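One structure below.
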Amino acid sequence: CFFMKKRINNIFKIIYEYIILTIACLCFSVGTSVFLLPNKLSNGGFSGLATIVYYFYNIPMSITIIILNTPLFILGYKRIGKDYILKSIFGVVLYSLGIDYINYILISNNILISLDKFISCIYGGILVGLGCAISYKVNGSTGGTDMFAHLFNSYSNNFKVSEIIVGVDFIIVLLNLIVFKELEIGLYSLI
């Protein structure tokens, strides 16, 4: 009876964590598709790289994000842990498909929420930040620099995970600035 109760509690805990991760991915997807992507703003990470690829080669963000994350899944499976990687795979796939689906709805219905870059960087940043925070609460991830930082940290403890994330995201935002050649986009992306 004790073991059955413990098993049921574990099942409910897993279901709860995946529901929370789904909410995080929804926040992330809405923030990216509705506010950041239409304004070429980057939130760093692999989605920042995917934004550049999207505008230059018209490749859906989901494809780029999943391709960039796949090597991290493979490397991290044994190094970081099965639970984190499974949640990350779930998060990456849901987040990626969410971006493309929301983007498709917006484009096919000719809906544009805001071209004001300041408003977009604020609301996009809030939603993406909220998505990150929620996913961290259940030891989840939407891949990208989060997973890269955990993987890097598993090999070397010289840097904190947060320092690695900020450093890599800063480099990706600078790349966004260089590629789009618009100082305003880079400055808003830094916000």
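Residues in the structure tokens are named by chain (A, B, ... in the order shown) and by number from 1 within that chain; ligands are numbered from 1 in the order shown.
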What are the closest atom pairs, with distances in Å to one decimal, for each residue of segment 140-180 of chain A lying within 10 Å of segment 19-39 of chain A, using only C-alpha atoms, rows by chain and rising residue number, as JSON lines?
{"residue": "A:Gly140", "atom": "CA", "partner": "A:Leu21", "partner_atom": "CA", "distance": 6.7}
{"residue": "A:Ser141", "atom": "CA", "partner": "A:Leu21", "partner_atom": "CA", "distance": 8.0}
{"residue": "A:Thr142", "atom": "CA", "partner": "A:Cys25", "partner_atom": "CA", "distance": 7.2}
Quick one: pull the distance between atom CA of Tyr104 of chain A and atom CA of Met61 of chain A, Å, one decimal.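 Going from atom CA of Tyr104 of chain A over to atom CA of Met61 of chain A, I get 11.4 Å.
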Restrict the calculation to only C-alpha atoms, then for each residue of segment 64-179 of chain A with any atom at most 6 Å from an atom of segment 42-46 of chain A give the closest atom pair and their distance in Å to one decimal, rows by chain and rising residue number, as CSV.
residue,atom,partner,partner_atom,distance
A:Ile65,CA,A:Phe46,CA,5.9
A:Gly144,CA,A:Phe46,CA,4.9
A:Thr145,CA,A:Gly45,CA,5.1
A:Asp169,CA,A:Gly44,CA,4.3
A:Ile172,CA,A:Gly44,CA,5.3
A:Val173,CA,A:Gly44,CA,5.5
Could you pull the residues within 8 Å of Thr51 of chain A, counting only C-alpha atoms, minus those fewer than 2 positions along the same chain, as number ranges by chain? A: 37, 40-42, 47-49, 53-55, 61
Residue contacts of Met147 of chain A (10 Å, only C-alpha atoms) excluding same-chain residues fewer than 4 positions away, as a PyMOL selection string: chain A and resi 45+69+72-73+76+80+84-85+88+140-143+151-153+161+165
Filtering to C-alpha atoms, could you give me those residues as a PDB file, in the first residue's frame?
ATOM      1  CA  GLY A  45      19.762  31.458 -27.270  1.00  0.00           C
ATOM      2  CA  ASN A  69      19.428  21.313 -29.947  1.00  0.00           C
ATOM      3  CA  LEU A  72      22.980  18.819 -26.984  1.00  0.00           C
ATOM      4  CA  PHE A  73      20.336  16.143 -26.354  1.00  0.00           C
ATOM      5  CA  GLY A  76      23.639  15.646 -22.382  1.00  0.00           C
ATOM      6  CA  ILE A  80      23.229  15.930 -17.370  1.00  0.00           C
ATOM      7  CA  TYR A  84      16.348  16.913 -17.492  1.00  0.00           C
ATOM      8  CA  ILE A  85      16.957  15.815 -21.090  1.00  0.00           C
ATOM      9  CA  SER A  88      14.167  19.514 -22.456  1.00  0.00           C
ATOM     10  CA  GLY A 140      12.919  21.821 -17.260  1.00  0.00           C
ATOM     11  CA  SER A 141      14.246  23.703 -20.212  1.00  0.00           C
ATOM     12  CA  THR A 142      13.400  24.875 -23.681  1.00  0.00           C
ATOM     13  CA  GLY A 143      16.884  23.894 -24.760  1.00  0.00           C
ATOM     14  CA  LEU A 151      26.312  20.660 -20.260  1.00  0.00           C
ATOM     15  CA  PHE A 152      29.326  23.003 -20.189  1.00  0.00           C
ATOM     16  CA  ASN A 153      29.082  23.237 -16.411  1.00  0.00           C
ATOM     17  CA  VAL A 161      25.284  28.241 -15.226  1.00  0.00           C
ATOM     18  CA  ILE A 165      23.771  31.688 -20.227  1.00  0.00           C
TER      19      ILE A 165
END
A:Thr64, A:Ser135, A:Asn176, A:Ser154: which is nearest Phe90 of chain A, counting only C-alpha atoms?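 The closest residue to Phe90 of chain A is A:Ser135.
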Applying 9 Å and only C-alpha atoms, which residues near Phe180 of chain A remain after dropping the ones on its own chain fewer than 5 positions away? List them as a PyMOL selection string. chain A and resi 40+52+175+185-186
Residues just named, written with C-alpha atoms as a PDB file, in the first residue's frame:
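Saved as part-v2.pdb:
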ATOM      1  CA  LYS A  40      13.598  40.909 -35.666  1.00  0.00           C
ATOM      2  CA  ILE A  52      18.431  35.149 -38.123  1.00  0.00           C
ATOM      3  CA  LEU A 175      25.466  38.477 -33.786  1.00  0.00           C
ATOM      4  CA  ILE A 185      17.457  46.093 -33.076  1.00  0.00           C
ATOM      5  CA  GLY A 186      20.586  45.137 -31.145  1.00  0.00           C
TER       6      GLY A 186
END
Quick check, in Å to one decimal: how far apart do atom CA of Ala149 of chain A and atom CA of Asp83 of chain A lie?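 Computed distance, atom CA of Ala149 of chain A to atom CA of Asp83 of chain A, equals 16.5 Å.
For the pair atom CA of Ile67 of chain A and atom CA of Ile113 of chain A, the separation is 28.9 Å.
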For Ile126 of chain A, which of A:Asp100, A:Ile105, A:Met4, A:Ile191 is the closest residue, counting only C-alpha atoms?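 Going through A:Asp100, A:Ile105, A:Met4, A:Ile191 one by one, the smallest distance to Ile126 of chain A is for A:Ile191.
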Find the residue from A:Val138, A:Lys82, A:Ser162, A:Leu112 that sits nearest to Ile15 of chain A; use only C-alpha atoms when measuring.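 For Ile15 of chain A, the nearest of the candidates is A:Val138.
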